[in-house]
$ cat entry-v7.cif   # mmCIF, C-alpha atoms
data_model
loop_
_atom_site.label_atom_id
_atom_site.label_comp_id
_atom_site.auth_asym_id
_atom_site.auth_seq_id
_atom_site.Cartn_x
_atom_site.Cartn_y
_atom_site.Cartn_z
CA MET K 11 16.36 11.35 -62.14
CA GLN K 12 14.11 8.42 -62.92
CA ARG K 13 11.10 7.76 -60.74
CA ARG K 14 12.58 4.49 -59.42
CA GLU K 15 15.79 6.28 -58.41
CA PHE K 16 13.80 9.06 -56.77
CA ILE K 17 11.72 6.62 -54.77
CA ALA K 18 14.79 4.64 -53.73
CA GLY K 19 16.58 7.83 -52.71
CA GLY K 20 13.51 9.03 -50.85
CA ILE K 21 13.19 5.75 -48.97
CA ALA K 22 16.87 5.87 -48.04
CA THR K 23 16.49 9.43 -46.78
CA LEU K 24 13.36 8.48 -44.86
CA CYS K 25 15.10 5.51 -43.24
CA LEU K 26 18.02 7.73 -42.26
CA SER K 27 15.63 10.33 -40.83
CA GLN K 28 13.74 7.67 -38.89
CA LYS K 29 16.99 6.34 -37.45
CA ALA K 30 18.09 9.82 -36.47
CA PHE K 31 14.68 10.50 -34.95
CA ALA K 32 14.77 7.20 -33.08
CA VAL K 33 18.16 8.07 -31.60
CA ALA K 34 16.97 11.53 -30.60
CA GLU K 35 13.77 10.13 -29.11
CA SER K 36 15.67 7.51 -27.10
CA ILE K 37 17.75 10.28 -25.57
CA VAL K 38 14.68 12.26 -24.57
CA LYS K 39 12.59 9.26 -23.50
CA PRO K 40 14.79 6.46 -22.17
CA GLN K 41 13.62 2.86 -22.31
CA LEU K 42 12.58 0.81 -19.32
CA GLN K 43 14.64 -2.15 -18.22
CA VAL K 44 13.52 -4.89 -15.87
CA ALA K 45 15.72 -4.56 -12.78
CA ALA K 46 14.07 -7.28 -10.67
CA THR K 47 11.14 -9.69 -10.75
CA SER K 48 9.15 -10.80 -7.71
CA PRO K 49 6.49 -13.46 -7.09
CA TRP K 50 5.11 -11.15 -4.39
CA LEU K 51 3.66 -7.64 -4.54
CA ALA K 52 6.59 -5.27 -3.98
CA ASN K 53 6.03 -1.53 -3.62
CA GLY K 54 9.50 -0.42 -2.52
CA VAL K 55 13.11 -0.87 -3.62
CA ALA K 56 16.48 0.15 -2.19
CA VAL K 57 19.81 0.01 -4.01
CA THR K 58 23.15 0.30 -2.23
CA THR K 59 26.20 2.05 -3.62
CA GLY K 60 27.66 -1.40 -4.21
CA GLY K 61 24.67 -2.39 -6.33
CA ALA K 62 22.88 -4.66 -3.86
CA MET K 63 19.11 -4.45 -4.31
CA PHE K 64 16.37 -4.98 -1.73
CA LEU K 65 12.58 -5.15 -2.09
CA ASN K 66 9.88 -4.68 0.52
CA PHE K 67 6.45 -6.31 0.62
CA PRO K 68 3.55 -4.59 2.46
CA ARG K 69 1.40 -7.74 2.72
CA PHE K 70 -1.80 -6.05 1.56
CA LYS K 71 -5.05 -7.98 1.93
CA GLY K 72 -4.89 -11.02 -0.32
CA HIS K 73 -1.10 -10.79 -0.45
CA GLN K 74 -0.08 -11.85 3.06
CA ASN K 75 1.99 -14.90 2.11
CA SER K 76 5.29 -13.17 1.54
CA PRO K 77 8.35 -12.11 3.48
CA SER K 78 8.49 -8.46 4.50
CA LEU K 79 11.89 -7.77 3.04
CA ALA K 80 14.15 -9.60 0.59
CA ARG K 81 17.47 -9.23 -1.14
CA VAL K 82 17.69 -9.68 -4.90
CA THR K 83 20.28 -12.30 -5.88
CA PRO K 84 21.14 -14.01 -9.19
CA SER K 85 19.29 -17.11 -7.96
CA GLY K 86 16.18 -15.21 -6.87
CA LEU K 87 14.84 -13.35 -3.84
CA ILE K 88 16.17 -14.28 -0.41
CA PRO K 89 14.35 -13.06 2.74
CA PHE K 90 16.49 -10.44 4.47
CA PRO K 91 17.62 -10.59 7.16
CA GLY K 92 17.49 -14.32 7.60
CA ASP K 93 16.17 -14.39 11.14
CA ASN K 94 13.02 -13.72 13.20
CA TRP K 95 12.38 -10.36 11.55
CA ASN K 96 10.86 -12.11 8.53
CA GLU K 97 8.92 -14.73 10.48
CA TRP K 98 5.72 -12.81 11.24
CA LYS K 99 2.51 -14.87 11.19
CA PRO K 100 -1.11 -13.82 11.84
CA GLY K 101 -1.58 -13.52 15.59
CA ASN K 102 2.00 -12.37 16.22
CA ASP K 103 2.09 -9.00 17.99
CA GLY K 104 4.63 -7.60 15.51
CA HIS K 105 6.87 -6.15 18.21
CA ASP K 106 10.01 -7.93 17.02
CA THR K 107 8.95 -8.96 13.53
CA LEU K 108 8.34 -7.01 10.33
CA VAL K 109 4.62 -7.00 9.60
CA ASN K 110 3.61 -4.42 7.00
CA VAL K 111 6.68 -2.79 5.49
CA ASN K 112 5.71 0.17 3.32
CA ALA K 113 9.17 1.49 2.42
CA CYS K 114 12.85 0.60 2.39
CA HIS K 115 15.76 2.98 1.84
CA HIS K 116 19.51 3.17 1.61
CA PHE K 117 21.21 6.52 2.17
CA GLY K 118 24.77 5.65 1.19
CA ASP K 119 26.12 4.37 4.52
CA ASN K 120 25.56 0.60 4.13
CA VAL K 121 22.48 0.80 6.34
CA LEU K 122 19.12 -0.37 5.08
CA TRP K 123 16.14 1.40 6.67
CA VAL K 124 12.61 0.02 6.65
CA VAL K 125 9.27 1.53 7.71
CA ASP K 126 6.98 -1.02 9.35
CA GLN K 127 3.40 -0.02 10.07
CA GLY K 128 3.32 -2.86 12.58
CA ALA K 129 -0.04 -4.43 11.76
CA PRO K 130 -1.81 -6.00 8.78
CA GLN K 131 -3.63 -3.58 6.50
CA GLY K 132 -6.65 -2.09 8.26
CA GLU K 133 -5.72 -3.42 11.72
CA LYS K 134 -4.45 -1.60 14.81
CA PRO K 135 -0.81 -2.23 15.72
CA SER K 136 0.10 -3.37 19.20
CA SER K 137 2.19 -1.09 21.40
CA GLY K 138 5.61 -0.50 19.86
CA ALA K 139 4.92 -2.55 16.73
CA ALA K 140 4.90 0.48 14.41
CA LYS K 141 8.60 1.15 13.98
CA LEU K 142 11.62 2.03 11.91
CA VAL K 143 14.33 -0.61 11.73
CA ALA K 144 17.85 -0.18 10.38
CA PHE K 145 19.88 -3.19 9.26
CA ASP K 146 23.49 -3.58 8.18
CA ALA K 147 22.98 -4.04 4.43
CA SER K 148 25.78 -6.60 4.23
CA SER K 149 25.31 -8.75 7.31
CA GLY K 150 21.64 -8.17 8.14
CA GLU K 151 22.57 -7.29 11.72
CA THR K 152 20.06 -4.99 13.43
CA VAL K 153 21.64 -1.54 13.79
CA LYS K 154 18.77 0.44 15.29
CA VAL K 155 15.07 0.15 16.13
CA ILE K 156 12.99 3.32 16.56
CA ARG K 157 9.57 2.82 18.16
CA PHE K 158 6.84 5.41 18.62
CA ASP K 159 4.79 6.06 21.73
CA GLU K 160 1.19 7.30 21.61
CA LYS K 161 2.30 10.92 21.77
CA ALA K 162 4.43 10.57 18.63
CA LEU K 163 2.03 8.23 16.86
CA PRO K 164 -1.54 8.45 18.24
CA ALA K 165 -4.14 5.76 17.58
CA GLY K 166 -4.96 5.74 13.88
CA GLY K 167 -1.52 6.94 12.86
CA ALA K 168 0.56 5.00 10.34
CA PRO K 169 4.23 5.69 9.54
CA ASN K 170 4.45 5.77 5.77
CA ASP K 171 7.86 6.84 4.48
CA LEU K 172 11.07 8.42 5.72
CA ARG K 173 14.01 10.56 4.72
CA ILE K 174 17.20 11.25 6.68
CA HIS K 175 19.27 14.41 6.69
CA GLY K 176 22.16 14.61 9.11
CA ARG K 177 21.03 13.51 12.56
CA LEU K 178 17.32 13.90 11.81
CA VAL K 179 14.88 11.29 10.52
CA TYR K 180 11.70 12.71 8.95
CA VAL K 181 8.64 10.43 8.73
CA THR K 182 5.20 10.99 7.22
CA ASP K 183 2.06 9.75 8.99
CA SER K 184 -0.45 8.71 6.35
CA GLY K 185 -3.07 7.55 8.84
CA LEU K 186 -3.89 10.85 10.55
CA GLY K 187 -1.73 13.34 8.69
CA GLY K 188 1.38 14.66 10.37
CA LEU K 189 5.17 14.61 10.47
CA LEU K 190 7.43 12.82 12.93
CA ILE K 191 10.99 14.01 13.49
CA HIS K 192 13.42 11.71 15.28
CA ASP K 193 16.82 12.88 16.50
CA LEU K 194 19.32 10.04 16.08
CA ILE K 195 21.65 11.55 18.68
CA SER K 196 19.20 12.38 21.47
CA GLY K 197 16.79 9.56 20.69
CA LYS K 198 13.84 11.93 21.00
CA THR K 199 10.87 12.09 18.61
CA ILE K 200 8.55 15.05 18.13
CA ARG K 201 5.28 15.19 16.22
CA ARG K 202 4.43 18.23 14.10
CA LEU K 203 1.35 19.45 12.24
CA SER K 204 -0.72 16.60 13.63
CA GLY K 205 -4.02 16.36 11.78
CA SER K 206 -3.42 19.65 9.97
CA ARG K 207 -5.78 20.19 7.06
CA LEU K 208 -2.75 20.78 4.85
CA LEU K 209 -1.43 17.30 5.64
CA ARG K 210 -4.71 15.51 5.07
CA LYS K 211 -6.14 14.42 1.73
CA PRO K 212 -8.25 17.26 0.30
CA GLU K 213 -11.90 16.25 0.47
CA ARG K 214 -12.61 17.54 -3.02
CA ILE K 215 -9.93 15.40 -4.69
CA ASP K 216 -10.21 11.64 -5.23
CA GLN K 217 -7.27 9.30 -5.50
CA LYS K 218 -7.12 8.01 -9.05
CA GLY K 219 -5.65 5.22 -11.12
CA TYR K 220 -4.78 4.90 -14.78
CA ARG K 221 -6.49 7.44 -17.04
CA GLY K 222 -8.19 9.05 -14.07
CA ARG K 223 -10.24 6.08 -12.87
CA ILE K 224 -11.42 6.81 -9.32
CA LEU K 225 -10.30 4.19 -6.81
CA GLU K 226 -12.98 2.67 -4.57
CA ASP K 227 -13.94 -0.63 -2.92
CA LYS K 228 -17.03 -2.75 -3.50
CA ASN K 229 -19.09 -0.45 -1.25
CA GLY K 230 -17.96 2.71 -2.98
CA LYS K 231 -15.57 3.71 -0.19
CA ARG K 232 -12.63 5.65 -1.54
CA PRO K 233 -9.06 5.72 -0.18
CA SER K 234 -8.26 8.48 2.26
CA VAL K 235 -4.48 8.43 2.56
CA HIS K 236 -2.95 11.49 4.18
CA SER K 237 0.66 12.82 4.21
CA ASP K 238 2.65 10.26 2.24
CA VAL K 239 5.27 11.46 -0.25
CA ILE K 240 8.27 13.06 1.45
CA GLU K 241 11.59 14.57 0.35
CA VAL K 242 14.25 16.77 1.95
CA SER K 243 16.20 19.24 -0.17
CA PRO K 244 19.92 18.44 -0.59
CA ASP K 245 20.88 21.34 1.68
CA GLY K 246 18.42 20.17 4.33
CA LYS K 247 16.56 23.49 4.40
CA TRP K 248 13.22 22.35 2.97
CA LEU K 249 10.94 19.40 3.54
CA TYR K 250 8.57 18.53 0.70
CA TYR K 251 5.47 16.41 1.20
CA ALA K 252 2.20 15.47 -0.46
CA THR K 253 -0.79 13.22 -0.09
CA PRO K 254 -1.18 10.74 -2.98
CA THR K 255 -3.64 13.18 -4.58
CA GLY K 256 -1.49 16.28 -4.11
CA PRO K 257 -0.87 19.15 -3.92
CA LEU K 258 2.87 19.12 -3.28
CA TYR K 259 3.92 21.44 -0.44
CA LYS K 260 7.16 22.50 1.21
CA ILE K 261 8.04 23.86 4.65
CA PRO K 262 11.35 25.06 6.15
CA THR K 263 12.92 22.34 8.28
CA ALA K 264 14.08 25.04 10.69
CA SER K 265 10.43 25.83 11.39
CA LEU K 266 9.53 22.16 11.85
CA ASN K 267 12.30 21.79 14.40
CA ASP K 268 11.34 24.94 16.29
CA THR K 269 9.20 23.49 19.07
CA GLY K 270 8.22 27.01 20.08
CA LEU K 271 6.04 27.27 16.96
CA SER K 272 2.44 26.07 17.25
CA ASN K 273 0.68 24.06 14.54
CA ASP K 274 -1.13 27.22 13.45
CA ALA K 275 2.16 29.08 13.15
CA LEU K 276 3.68 26.16 11.25
CA GLU K 277 0.79 26.08 8.81
CA ARG K 278 1.56 29.67 7.89
CA ARG K 279 5.10 28.59 6.94
CA ILE K 280 3.83 25.97 4.46
CA GLU K 281 4.17 26.89 0.79
CA LYS K 282 2.34 25.23 -2.07
CA VAL K 283 4.76 24.00 -4.74
CA ALA K 284 2.43 22.57 -7.38
CA ASP K 285 -0.80 20.75 -8.07
CA ILE K 286 0.05 17.20 -9.08
CA PRO K 287 -1.83 14.14 -10.36
CA SER K 288 -2.28 11.03 -8.23
CA VAL K 289 1.21 9.74 -7.44
CA GLY K 290 2.75 6.70 -5.83
CA GLY K 291 6.16 8.00 -4.85
CA SER K 292 8.93 10.51 -5.38
CA ALA K 293 12.67 11.10 -5.49
CA ILE K 294 14.93 14.14 -5.40
CA ASP K 295 18.34 14.48 -7.03
CA ALA K 296 21.47 16.30 -5.86
CA ALA K 297 20.41 19.43 -7.76
CA GLY K 298 17.03 19.52 -5.99
CA ASN K 299 14.94 18.33 -8.95
CA ILE K 300 11.88 16.37 -7.84
CA TYR K 301 10.62 13.29 -9.68
CA LEU K 302 7.11 11.88 -9.29
CA SER K 303 5.59 8.54 -10.26
CA ASN K 304 2.43 9.55 -12.11
CA VAL K 305 -0.21 6.88 -11.53
CA GLU K 306 -2.74 8.43 -13.94
CA LYS K 307 -0.33 8.39 -16.91
CA ARG K 308 1.83 5.42 -15.91
CA SER K 309 4.84 7.64 -16.18
CA VAL K 310 7.72 9.13 -14.24
CA ASP K 311 7.66 12.91 -14.40
CA LYS K 312 10.12 15.63 -13.51
CA LEU K 313 8.76 18.71 -11.76
CA LEU K 314 10.01 21.85 -13.49
CA PRO K 315 10.59 25.17 -11.68
CA ASP K 316 7.43 26.64 -13.20
CA GLY K 317 5.29 23.83 -11.77
CA ARG K 318 4.90 21.87 -15.01
CA LEU K 319 5.56 18.15 -15.18
CA GLU K 320 7.92 16.90 -17.87
CA THR K 321 7.36 13.24 -18.73
CA LEU K 322 10.66 11.33 -18.67
CA VAL K 323 9.27 7.89 -19.43
CA GLN K 324 5.75 6.59 -19.99
CA ASP K 325 4.86 2.94 -20.39
CA GLU K 326 1.77 0.79 -19.84
CA LYS K 327 3.94 -1.61 -17.84
CA LEU K 328 4.19 0.99 -15.05
CA MET K 329 0.97 -0.12 -13.37
CA THR K 330 0.59 2.14 -10.32
CA PRO K 331 4.24 3.22 -10.28
CA ASP K 332 5.35 3.68 -6.69
CA ALA K 333 8.42 4.68 -4.67
CA LEU K 334 11.24 6.04 -6.83
CA VAL K 335 14.93 5.54 -6.13
CA ILE K 336 17.87 7.30 -7.78
CA ALA K 337 21.06 5.22 -7.73
CA GLU K 338 24.22 5.29 -9.83
CA GLY K 339 22.61 7.25 -12.69
CA TRP K 340 19.41 5.20 -12.79
CA ILE K 341 15.86 5.75 -11.58
CA TYR K 342 14.28 2.60 -10.17
CA VAL K 343 10.50 2.34 -10.09
CA PRO K 344 8.32 -0.52 -8.77
CA ALA K 345 5.04 -1.35 -10.52
CA PRO K 346 2.96 -2.94 -7.70
CA GLN K 347 -0.45 -2.65 -9.43
CA ILE K 348 -1.98 -1.17 -6.27
CA GLU K 349 -4.88 0.32 -8.23
CA TYR K 350 -6.03 -3.25 -8.97
CA LEU K 351 -6.19 -4.42 -5.36
CA ALA K 352 -9.74 -5.30 -4.27
CA GLY K 353 -9.97 -2.26 -2.01
CA ASN K 354 -9.26 0.03 -4.96
CA ASN K 355 -11.04 -1.92 -7.69
CA LYS K 356 -14.66 -2.35 -6.60
CA GLY K 357 -13.90 -5.47 -4.56
CA LYS K 358 -12.06 -7.42 -7.28
CA ASP K 359 -8.35 -8.10 -7.00
CA LYS K 360 -7.07 -8.04 -10.56
CA THR K 361 -3.37 -7.86 -9.77
CA LEU K 362 -1.30 -10.34 -11.71
CA GLY K 363 2.14 -11.61 -10.83
CA PRO K 364 4.99 -11.67 -11.24
CA TRP K 365 5.64 -8.10 -10.13
CA LYS K 366 8.39 -6.05 -11.72
CA ILE K 367 10.85 -3.41 -10.64
CA TYR K 368 11.94 -1.30 -13.59
CA ARG K 369 14.72 1.19 -14.12
CA PHE K 370 15.74 3.74 -16.73
CA ALA K 371 18.77 5.91 -17.26
CA LEU K 372 18.59 9.36 -15.71
CA THR K 373 20.11 11.78 -18.19
CA PRO K 374 21.25 15.29 -17.20
#

$ encode --input "entry-v7.cif" --output "structure tokens"
Amino acid sequence: MQRREFIAGGIATLCLSQKAFAVAESIVKPQLQVAATSPWLANGVAVTTGGAMFLNFPRFKGHQNSPSLARVTPSGLIPFPGDNWNEWKPGNDGHDTLVNVNACHHFGDNVLWVVDQGAPQGEKPSSGAAKLVAFDASSGETVKVIRFDEKALPAGGAPNDLRIHGRLVYVTDSGLGGLLIHDLISGKTIRRLSGSRLLRKPERIDQKGYRGRILEDKNGKRPSVHSDVIEVSPDGKWLYYATPTGPLYKIPTASLNDTGLSNDALERRIEKVADIPSVGGSAIDAAGNIYLSNVEKRSVDKLLPDGRLETLVQDEKLMTPDALVIAEGWIYVPAPQIEYLAGNNKGKDKTLGPWKIYRFALTP
């Protein structure tokens, strides 16, 4: 074979190998797609079984001029629902408006749930303003409002996220550390593990951003967010939770719902699942696999049974990836850039709109 023929054959083989490798790599590491674009900072997304998509806006400092909730349409974002719920203004008590929505969820029953902390970031909510609200995802009609008294949510508490299994609604309190359990049938709410050391951010661990940068404001104050991430196993037997810095823990739901158990007794039922990096959100699939949005790597990781994290997708566009949603074979992930808010970036807000919601295919 002449040298020219050898080189040509080698190049052809190399091109074929590269194509084969590219196909294999795309299977292992799926590509991000833009699912929605927002002119406002969005840190949560919900997708119905019919494909309707909703975004929530927490109105962080410097980002107050937005609705609290919106539906994604071909012509852009439309505030949802289109009534007084989205008409909060500074000075409003927040009792019957959405003020600071930190999460929105759809659990397959055409109901859209939102978690409203009830007051602007850093402020104390008025009585009854911190709440869960459920809307009909089609009409926007209010289905249910769950408010918390001072026993369920003491001063300093902040409802962060929720999951529903059967008749029970599980809510994390990221202000004080604790879990709220609301019974949809009886209408009663109980508070568990209030202020437990295992539900508060570990003092030795700092919340971090990309490549391990420690988050802090202009005075050097660092975030101290307590129980945040929450999941319930598909069979309803385990509740998983974590602070944004980890670790990830689990506890039997039967123990949480046993009001005869004290906080000390409950703490002894808590099991550590894994040490994790700083995360923004999580999701769990029907098989019980847990997925975490890794803020330090700008990735979405899958937690393996041995405690290791397998990177599913990693991309610089995932700036502070937050709440994850699994819907119709896709994982949706917002990129709200929270690490670049002034309170996390030495007093300088370096967020840059528009904000994106991404998605990628979830392969078996």

$ closest_residue --input "entry-v7.cif" --among "K:Gly317, K:Leu163, K:Ile88, K:Asn304" --to "K:Ala345" --atoms "only C-alpha atoms"
K:Asn304

$ closest_atom_pairs --input "entry-v7.cif" --of "stretch 127-235 of chain K" --to "stretch 285-288 of chain K" --cutoff "8 Å" --atoms "all atoms listed in the file" --output "JSON lines"
{"residue": "K:Gln217", "atom": "CA", "partner": "K:Ser288", "partner_atom": "CA", "distance": 5.9}
{"residue": "K:Lys218", "atom": "CA", "partner": "K:Ser288", "partner_atom": "CA", "distance": 5.8}
{"residue": "K:Gly219", "atom": "CA", "partner": "K:Ser288", "partner_atom": "CA", "distance": 7.3}

$ residues_around --input "entry-v7.cif" --residues "stretch 223-230 of chain K" --least-positions-apart "4" --cutoff "12 Å" --atoms "only C-alpha atoms" --output "list in words"
Ile215, Asp216, Gln217, Lys218, Gly219, Ser234, Val235, Pro254, Thr255, Pro287, Ser288, Val305, Glu306, Lys307, Thr330, Ile348, Glu349, Tyr350, Leu351, Ala352, Gly353, Asn354, Asn355, Lys356, Gly357, Lys358 and Asp359 of chain K

$ write_last_selection --input "entry-v7.cif" --atoms "C-alpha atoms" --output "short mmCIF file (atom, residue, chain, number, x, y, z; two decimals), in the frame of the given file"
data_model
loop_
_atom_site.label_atom_id
_atom_site.label_comp_id
_atom_site.auth_asym_id
_atom_site.auth_seq_id
_atom_site.Cartn_x
_atom_site.Cartn_y
_atom_site.Cartn_z
CA ILE K 215 -9.93 15.40 -4.69
CA ASP K 216 -10.21 11.64 -5.23
CA GLN K 217 -7.27 9.30 -5.50
CA LYS K 218 -7.12 8.01 -9.05
CA GLY K 219 -5.65 5.22 -11.12
CA SER K 234 -8.26 8.48 2.26
CA VAL K 235 -4.48 8.43 2.56
CA PRO K 254 -1.18 10.74 -2.98
CA THR K 255 -3.64 13.18 -4.58
CA PRO K 287 -1.83 14.14 -10.36
CA SER K 288 -2.28 11.03 -8.23
CA VAL K 305 -0.21 6.88 -11.53
CA GLU K 306 -2.74 8.43 -13.94
CA LYS K 307 -0.33 8.39 -16.91
CA THR K 330 0.59 2.14 -10.32
CA ILE K 348 -1.98 -1.17 -6.27
CA GLU K 349 -4.88 0.32 -8.23
CA TYR K 350 -6.03 -3.25 -8.97
CA LEU K 351 -6.19 -4.42 -5.36
CA ALA K 352 -9.74 -5.30 -4.27
CA GLY K 353 -9.97 -2.26 -2.01
CA ASN K 354 -9.26 0.03 -4.96
CA ASN K 355 -11.04 -1.92 -7.69
CA LYS K 356 -14.66 -2.35 -6.60
CA GLY K 357 -13.90 -5.47 -4.56
CA LYS K 358 -12.06 -7.42 -7.28
CA ASP K 359 -8.35 -8.10 -7.00
#

$ residues_around --input "entry-v7.cif" --residues "K:Gly150" --least-positions-apart "4" --cutoff "6 Å" --atoms "all atoms listed in the file" --output "compact mmCIF listing (two decimals) with C-alpha atoms, in the frame of the given file"
# COMPACT_ATOMS: atom_id res chain seq x y z
CA PRO K 91 17.62 -10.59 7.16
CA PHE K 145 19.88 -3.19 9.26
CA ASP K 146 23.49 -3.58 8.18

$ atom_distance --input "entry-v7.cif" --atom1 "atom CA of K:Leu189" --atom2 "atom CA of K:Arg202"
5.2 Å

$ atom_distance --input "entry-v7.cif" --atom1 "atom CA of K:Asp183" --atom2 "atom CA of K:Leu258"
15.5 Å

$ resolve_selection --input "entry-v7.cif" --expression "the PyMOL selection byres ((chain K and resi 263) around 7)" --output "mmCIF file with C-alpha atoms, in the coordinates of the input"
data_model
loop_
_atom_site.group_PDB
_atom_site.id
_atom_site.type_symbol
_atom_site.label_atom_id
_atom_site.label_comp_id
_atom_site.auth_asym_id
_atom_site.auth_seq_id
_atom_site.Cartn_x
_atom_site.Cartn_y
_atom_site.Cartn_z
ATOM 1 C CA LYS K 247 16.560 23.490 4.400
ATOM 2 C CA TRP K 248 13.220 22.350 2.970
ATOM 3 C CA LEU K 249 10.940 19.400 3.540
ATOM 4 C CA ILE K 261 8.040 23.860 4.650
ATOM 5 C CA PRO K 262 11.350 25.060 6.150
ATOM 6 C CA ALA K 264 14.080 25.040 10.690
ATOM 7 C CA SER K 265 10.430 25.830 11.390
ATOM 8 C CA LEU K 266 9.530 22.160 11.850
ATOM 9 C CA ASN K 267 12.300 21.790 14.400
#

$ resolve_selection --input "entry-v7.cif" --expression "the PyMOL selection byres ((chain K and resi 124-135) around 7)" --output "MDAnalysis selection string"
chainID K and resid 70:71 104 108:115 122:123 136:137 139:144 168:171

$ atom_distance --input "entry-v7.cif" --atom1 "atom CA of K:Leu276" --atom2 "atom CA of K:Leu208"
10.5 Å

$ resolve_selection --input "entry-v7.cif" --expression "the PyMOL selection byres ((chain K and resi 51-53) around 6)" --output "ChimeraX atom specification"
/K:50,54,66-67,344,346,365

$ decode --input "entry-v7.cif" --residues "stretch 305-316 of chain K" --atoms "N, CA, C and O atoms" --output "JSON list (two decimals), in the first residue's frame"
[["chain", "number", "residue", "atom", "x", "y", "z"],
["K", 305, "VAL", "N", -24.08, 21.87, 42.08],
["K", 305, "VAL", "CA", -23.74, 23.27, 41.84],
["K", 305, "VAL", "C", -22.24, 23.43, 41.58],
["K", 305, "VAL", "O", -21.82, 24.25, 40.75],
["K", 306, "GLU", "N", -21.41, 22.65, 42.27],
["K", 306, "GLU", "CA", -19.96, 22.81, 42.17],
["K", 306, "GLU", "C", -19.42, 22.37, 40.80],
["K", 306, "GLU", "O", -18.40, 22.89, 40.34],
["K", 307, "LYS", "N", -20.10, 21.43, 40.15],
["K", 307, "LYS", "CA", -19.64, 20.94, 38.85],
["K", 307, "LYS", "C", -20.52, 21.41, 37.69],
["K", 307, "LYS", "O", -20.21, 21.14, 36.55],
["K", 308, "ARG", "N", -21.62, 22.10, 38.01],
["K", 308, "ARG", "CA", -22.60, 22.46, 36.99],
["K", 308, "ARG", "C", -23.04, 21.21, 36.24],
["K", 308, "ARG", "O", -22.95, 21.12, 35.00],
["K", 309, "SER", "N", -23.52, 20.27, 37.01],
["K", 309, "SER", "CA", -23.91, 18.99, 36.43],
["K", 309, "SER", "C", -25.17, 18.47, 37.10],
["K", 309, "SER", "O", -25.63, 18.98, 38.13],
["K", 310, "VAL", "N", -25.75, 17.44, 36.49],
["K", 310, "VAL", "CA", -26.81, 16.66, 37.12],
["K", 310, "VAL", "C", -26.24, 15.27, 37.33],
["K", 310, "VAL", "O", -25.75, 14.64, 36.38],
["K", 311, "ASP", "N", -26.26, 14.82, 38.56],
["K", 311, "ASP", "CA", -25.65, 13.55, 38.94],
["K", 311, "ASP", "C", -26.70, 12.55, 39.41],
["K", 311, "ASP", "O", -27.73, 12.93, 39.96],
["K", 312, "LYS", "N", -26.38, 11.30, 39.23],
["K", 312, "LYS", "CA", -27.23, 10.21, 39.71],
["K", 312, "LYS", "C", -26.52, 9.53, 40.87],
["K", 312, "LYS", "O", -25.34, 9.17, 40.77],
["K", 313, "LEU", "N", -27.22, 9.40, 41.98],
["K", 313, "LEU", "CA", -26.64, 8.77, 43.17],
["K", 313, "LEU", "C", -26.73, 7.26, 43.03],
["K", 313, "LEU", "O", -27.82, 6.68, 42.91],
["K", 314, "LEU", "N", -25.58, 6.61, 43.03],
["K", 314, "LEU", "CA", -25.51, 5.15, 42.89],
["K", 314, "LEU", "C", -25.66, 4.48, 44.26],
["K", 314, "LEU", "O", -25.44, 5.11, 45.30],
["K", 315, "PRO", "N", -26.03, 3.21, 44.29],
["K", 315, "PRO", "CA", -26.24, 2.51, 45.56],
["K", 315, "PRO", "C", -25.04, 2.53, 46.50],
["K", 315, "PRO", "O", -25.21, 2.48, 47.72],
["K", 316, "ASP", "N", -23.83, 2.63, 45.94],
["K", 316, "ASP", "CA", -22.64, 2.63, 46.79],
["K", 316, "ASP", "C", -22.27, 4.03, 47.27],
["K", 316, "ASP", "O", -21.24, 4.23, 47.90]]
